[in-house]
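S.K.: First, the structure itself, so that you have it in front of you.
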Amino acid sequence: MILRQEIRFSHLLPLLIMVLKNFYSEIITLPGSFGKHEVKLSHLVPRDDCGIAALLFHGVHSSANLSVHSKYSYLANLLAARGITPWLCETSRRTTVKDKDSLSPIEWVMEIFGGKTFKDELADCETALRYVAEHTQKRLWLWGFSLGGIIAALLACVVPVDRVILSGSGAFSMPDAERDMMPLPILSTLRESISLDVLKNFAAKKITAFRGTEDAIFSSDACRALVDMINIPKESKKYFEIDGADHSFKKRNGKYDLKVMDEMLSLLMAQ
């Protein structure tokens with residue numbers, strides 16, 4: 001038990017150092033579509049502003065906040081260290097159940113998100129985007145993980161932004177993921193709600209897509225297919241595979257390693 005605690009602390013130490021060194025933070029509550037009807041929008045203000053804001057969208061049934069346990073918090077601090085103003089969108093949900101430990105992962109998803117549709121999720125993210133777009137004069141990036149990446153691409157068809165970044169987002173899922181995940185809340189109404197054909201109206205200047213080579217949800221073909229659907233010049237599209245990374249970009253070769261985030265950001269900034 002002591003060993004596990006020491007390992008956890010070693011994982012968190014780089015983030016704690018960044019937080020202590022750097023930035024002013026703020027959490028804003030916006031109207032949400034479901035559950036408590038709250039969209040939580042967190043952001044950091046970097047000391048040296050480079051004129052870019054990045055709005056982060058989490059994956060389905062996930063969360064994005066400034067907790068030291070959150071990969072999005074780690075990424076937000078990396079962005080702020082580069083002078084980029086990060087905003088984290090956490091979509092609406094029900095109040096967390098009191099006895100979470102007694103529930104299986106699927107039971108927990110049904111408790112928190114049961115009845116939520118894809119249109120609800122999309123509306124939450126659009127609310128966050130319109131708030132950020134209204135309250136910043138910076139160049140705006142949308143960075144989405146998994147379903148959040150699909151949402152980022154869809155929203156870039158209705159709200160002009162500078163760049164969209166996809167992490168683990170594809171046009172179709174692998175058979176096991178299709179069987180196990182598509183019946184769940186939000187995902188179960190995805191295909192009836194919207195067609196990816198709307199990506200012909202994509203209004204961002206650039207798109208960068210990342211996929212982990214160990215992604216068990218979306219294949220390389222699926223991720224490339226999503227990029228191909230986006231109607232901008234080929235030279236404005238970049239696609240990278242991150243060696244050993246899993247779908248969540250929290251592990252490399254099966255081991256917890258948030259340095260995967262550093263690698264993605266380094267590739268992004270080198271363009």
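Ligands are numbered from 1 in the order shown, residues from 1 within each chain, and chains are lettered A, B, ... in the order they appear in the structure tokens.
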Just list as an MDAnalysis selection string whatever in stretch 59-195 of chain A DSSP marks as helix (DSSP H, G or I).

M.R.: chainID A and resid 71:81 100:102 105:113 118:135 147:155 175:181 187:193

S.K.: Neighbours of A:Leu166 within 8 Å (only C-alpha atoms; same-chain residues fewer than 3 positions away dropped), as a compact mmCIF listing (two decimals) with C-alpha atoms, in the first residue's frame?

M.R.:
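Result file is selection05.txt:
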# COMPACT_ATOMS: atom_id res chain seq x y z
CA TRP A 143 -8.76 20.15 -28.64
CA GLY A 144 -10.98 17.11 -28.18
CA PHE A 145 -10.35 13.59 -26.95
CA SER A 146 -12.28 10.65 -28.43
CA GLY A 149 -12.66 15.36 -30.84
CA ILE A 150 -15.63 14.52 -33.03
CA ALA A 152 -14.71 19.73 -31.76
CA SER A 169 -11.08 10.33 -32.59
CA ILE A 207 -6.47 20.26 -38.16
CA THR A 208 -4.01 18.04 -36.32
CA ALA A 209 -4.95 14.48 -35.40
CA PHE A 210 -3.22 12.11 -32.97

S.K.: Out of stretch 35-73 of chain A, which residues get strand (DSSP E) from DSSP, as a PyMOL selection string?

M.R.: chain A and resi 38-45+52-57

S.K.: Write to file, as a short mmCIF file (atom, residue, chain, number, x, y, z; two decimals), in the first residue's frame, the residues of the selection just made, with N, CA, C and O atoms.

M.R.:
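Wrote it out as out-v5.cif, contents follow:
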data_model
loop_
_atom_site.label_atom_id
_atom_site.label_comp_id
_atom_site.auth_asym_id
_atom_site.auth_seq_id
_atom_site.Cartn_x
_atom_site.Cartn_y
_atom_site.Cartn_z
N GLU A 38 -25.63 21.97 -15.41
CA GLU A 38 -24.45 22.80 -15.23
C GLU A 38 -23.32 22.32 -16.14
O GLU A 38 -22.99 21.13 -16.16
N VAL A 39 -22.75 23.23 -16.89
CA VAL A 39 -21.50 22.99 -17.61
C VAL A 39 -20.41 23.72 -16.83
O VAL A 39 -20.50 24.93 -16.61
N LYS A 40 -19.40 22.98 -16.42
CA LYS A 40 -18.29 23.58 -15.67
C LYS A 40 -17.18 23.95 -16.65
O LYS A 40 -16.71 23.11 -17.42
N LEU A 41 -16.78 25.20 -16.61
CA LEU A 41 -15.74 25.69 -17.49
C LEU A 41 -14.59 26.23 -16.63
O LEU A 41 -14.73 27.24 -15.96
N SER A 42 -13.48 25.48 -16.62
CA SER A 42 -12.31 25.88 -15.83
C SER A 42 -11.27 26.48 -16.75
O SER A 42 -11.14 26.07 -17.91
N HIS A 43 -10.52 27.45 -16.23
CA HIS A 43 -9.42 27.92 -17.07
C HIS A 43 -8.27 28.47 -16.25
O HIS A 43 -8.41 28.84 -15.08
N LEU A 44 -7.11 28.44 -16.89
CA LEU A 44 -5.88 28.96 -16.30
C LEU A 44 -5.44 30.19 -17.08
O LEU A 44 -5.62 30.26 -18.29
N VAL A 45 -4.87 31.14 -16.37
CA VAL A 45 -4.33 32.35 -17.00
C VAL A 45 -2.81 32.27 -16.94
O VAL A 45 -2.24 32.37 -15.86
N ILE A 52 -3.00 32.77 -27.80
CA ILE A 52 -3.80 31.60 -28.21
C ILE A 52 -4.59 31.11 -27.01
O ILE A 52 -4.08 31.06 -25.89
N ALA A 53 -5.85 30.74 -27.23
CA ALA A 53 -6.68 30.06 -26.23
C ALA A 53 -7.02 28.67 -26.76
O ALA A 53 -7.27 28.50 -27.96
N ALA A 54 -7.04 27.67 -25.88
CA ALA A 54 -7.36 26.30 -26.27
C ALA A 54 -8.49 25.78 -25.39
O ALA A 54 -8.35 25.74 -24.17
N LEU A 55 -9.59 25.39 -26.01
CA LEU A 55 -10.73 24.82 -25.30
C LEU A 55 -10.66 23.30 -25.42
O LEU A 55 -10.65 22.75 -26.53
N LEU A 56 -10.59 22.62 -24.27
CA LEU A 56 -10.44 21.16 -24.23
C LEU A 56 -11.79 20.48 -23.99
O LEU A 56 -12.51 20.85 -23.05
N PHE A 57 -12.11 19.48 -24.81
CA PHE A 57 -13.32 18.67 -24.65
C PHE A 57 -12.93 17.25 -24.26
O PHE A 57 -12.11 16.61 -24.94
#

S.K.: Any idea what's packed within 7 Å of stretch 173-190 of chain A, counting only C-alpha atoms, ignoring anything in its chain fewer than 5 positions away? Could you give it as a PyMOL selection string?

M.R.: chain A and resi 113-118+217-219

S.K.: Just the residues within 9 Å of stretch 64-74 of chain A, please, counting only C-alpha atoms, with nothing from its chain fewer than 4 positions along; format it as a list in words.

M.R.: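 In the requested format, the answer is Leu12, Pro14, Leu15, Leu16, Met18, Ser25, Ile27, Lys40, Leu41, Ser42, His43, Leu44, Leu56, Phe57, His58, Gly59, Leu78, Leu79, Leu88, Cys89, Glu90, Thr91, Phe249, Lys250, Leu258 and Met261 of chain A.
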
S.K.: Name all residues at most 6 Å from A:Lys206 (count only C-alpha atoms; drop same-chain ones fewer than 2 positions away) and give them as a PDB file with all heavy atoms, in the first residue's frame.

M.R.:
ATOM      1  N   ARG A 163      -7.785  26.454 -35.151  1.00  0.00           N
ATOM      2  CA  ARG A 163      -7.265  25.092 -35.307  1.00  0.00           C
ATOM      3  C   ARG A 163      -8.096  24.119 -34.493  1.00  0.00           C
ATOM      4  O   ARG A 163      -8.605  24.460 -33.430  1.00  0.00           O
ATOM      5  CB  ARG A 163      -5.806  25.035 -34.847  1.00  0.00           C
ATOM      6  CG  ARG A 163      -5.208  23.647 -34.799  1.00  0.00           C
ATOM      7  CD  ARG A 163      -3.754  23.674 -34.348  1.00  0.00           C
ATOM      8  NE  ARG A 163      -2.865  24.079 -35.428  1.00  0.00           N
ATOM      9  CZ  ARG A 163      -1.523  24.140 -35.309  1.00  0.00           C
ATOM     10  NH1 ARG A 163      -0.943  23.855 -34.165  1.00  0.00           N
ATOM     11  NH2 ARG A 163      -0.779  24.501 -36.330  1.00  0.00           N
ATOM     12  N   ALA A 204     -12.319  25.700 -39.715  1.00  0.00           N
ATOM     13  CA  ALA A 204     -11.008  25.977 -39.110  1.00  0.00           C
ATOM     14  C   ALA A 204      -9.920  25.991 -40.179  1.00  0.00           C
ATOM     15  O   ALA A 204     -10.054  25.373 -41.240  1.00  0.00           O
ATOM     16  CB  ALA A 204     -10.692  24.933 -38.049  1.00  0.00           C
ATOM     17  N   SER A 236      -3.070  21.495 -44.968  1.00  0.00           N
ATOM     18  CA  SER A 236      -3.509  22.046 -43.674  1.00  0.00           C
ATOM     19  C   SER A 236      -3.880  20.955 -42.677  1.00  0.00           C
ATOM     20  O   SER A 236      -4.345  21.247 -41.581  1.00  0.00           O
ATOM     21  CB  SER A 236      -4.705  22.982 -43.885  1.00  0.00           C
ATOM     22  OG  SER A 236      -4.351  24.064 -44.717  1.00  0.00           O
TER      23      SER A 236
END

S.K.: Fewer than 2 positions away in the same chain doesn't count, so skip those; otherwise give me all residues within 8 Å of A:Ala80, counting only C-alpha atoms, as a VMD selection string.

M.R.: chain A and resid 23 44 to 47 76 to 78 82 to 86

S.K.: Have a look at A:Gly254, A:Asp221, A:Glu126, A:Asn201 and name the one nearest to A:Gly170; count only C-alpha atoms.

M.R.: A:Asp221

S.K.: Of the candidates A:Ser220, A:Gln271, A:Ser195, A:Thr213, which shows the shortest atom-to-atom distance to A:His247, using only C-alpha atoms?

M.R.: A:Thr213

S.K.: Could you tell me which of A:Asp243, A:Asp197, A:Asp162, A:Glu121 comes closest to A:Ser62 if we count only C-alpha atoms?

M.R.: A:Glu121

S.K.: Find, counting only C-alpha atoms, the residue in A:Leu199, A:Leu140, A:Leu155, A:Ile232 that gets nearest to A:Gly51.

M.R.: A:Leu140

S.K.: Which is closest to A:Asp49 among A:Lys251, A:Met110, A:Lys138, A:Val164, if we use only C-alpha atoms?

M.R.: A:Lys138

S.K.: With only C-alpha atoms as the basis for distance, which of A:Ala123, A:Ile165, A:Leu196, A:Cys157 is at the shortest distance from A:Leu265?

M.R.: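 Looking only at the distances to A:Leu265, the closest residue turns out to be A:Ile165.
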
S.K.: Considering only C-alpha atoms, return as an NGL selection string whatever protein or nucleic-acid residues lie within 12 Å of A:Lys200, sequence-local ones (same chain, fewer than 2 positions apart) excluded.

M.R.: :A and (153-154 or 156-158 or 195-198 or 202-204 or 226-233)

S.K.: If you measure from atom CA of A:Lys36 to atom CA of A:Arg93, what distance in Å do you get, rounded to one decimal?

M.R.: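 One can read the atom CA of A:Lys36 to atom CA of A:Arg93 distance as 6.1 Å.
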
S.K.: Separation of atom CA of A:Val60 and atom CA of A:Ser248, in Å?

M.R.: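 About the pair atom CA of A:Val60 and atom CA of A:Ser248: they are 11.2 Å apart.
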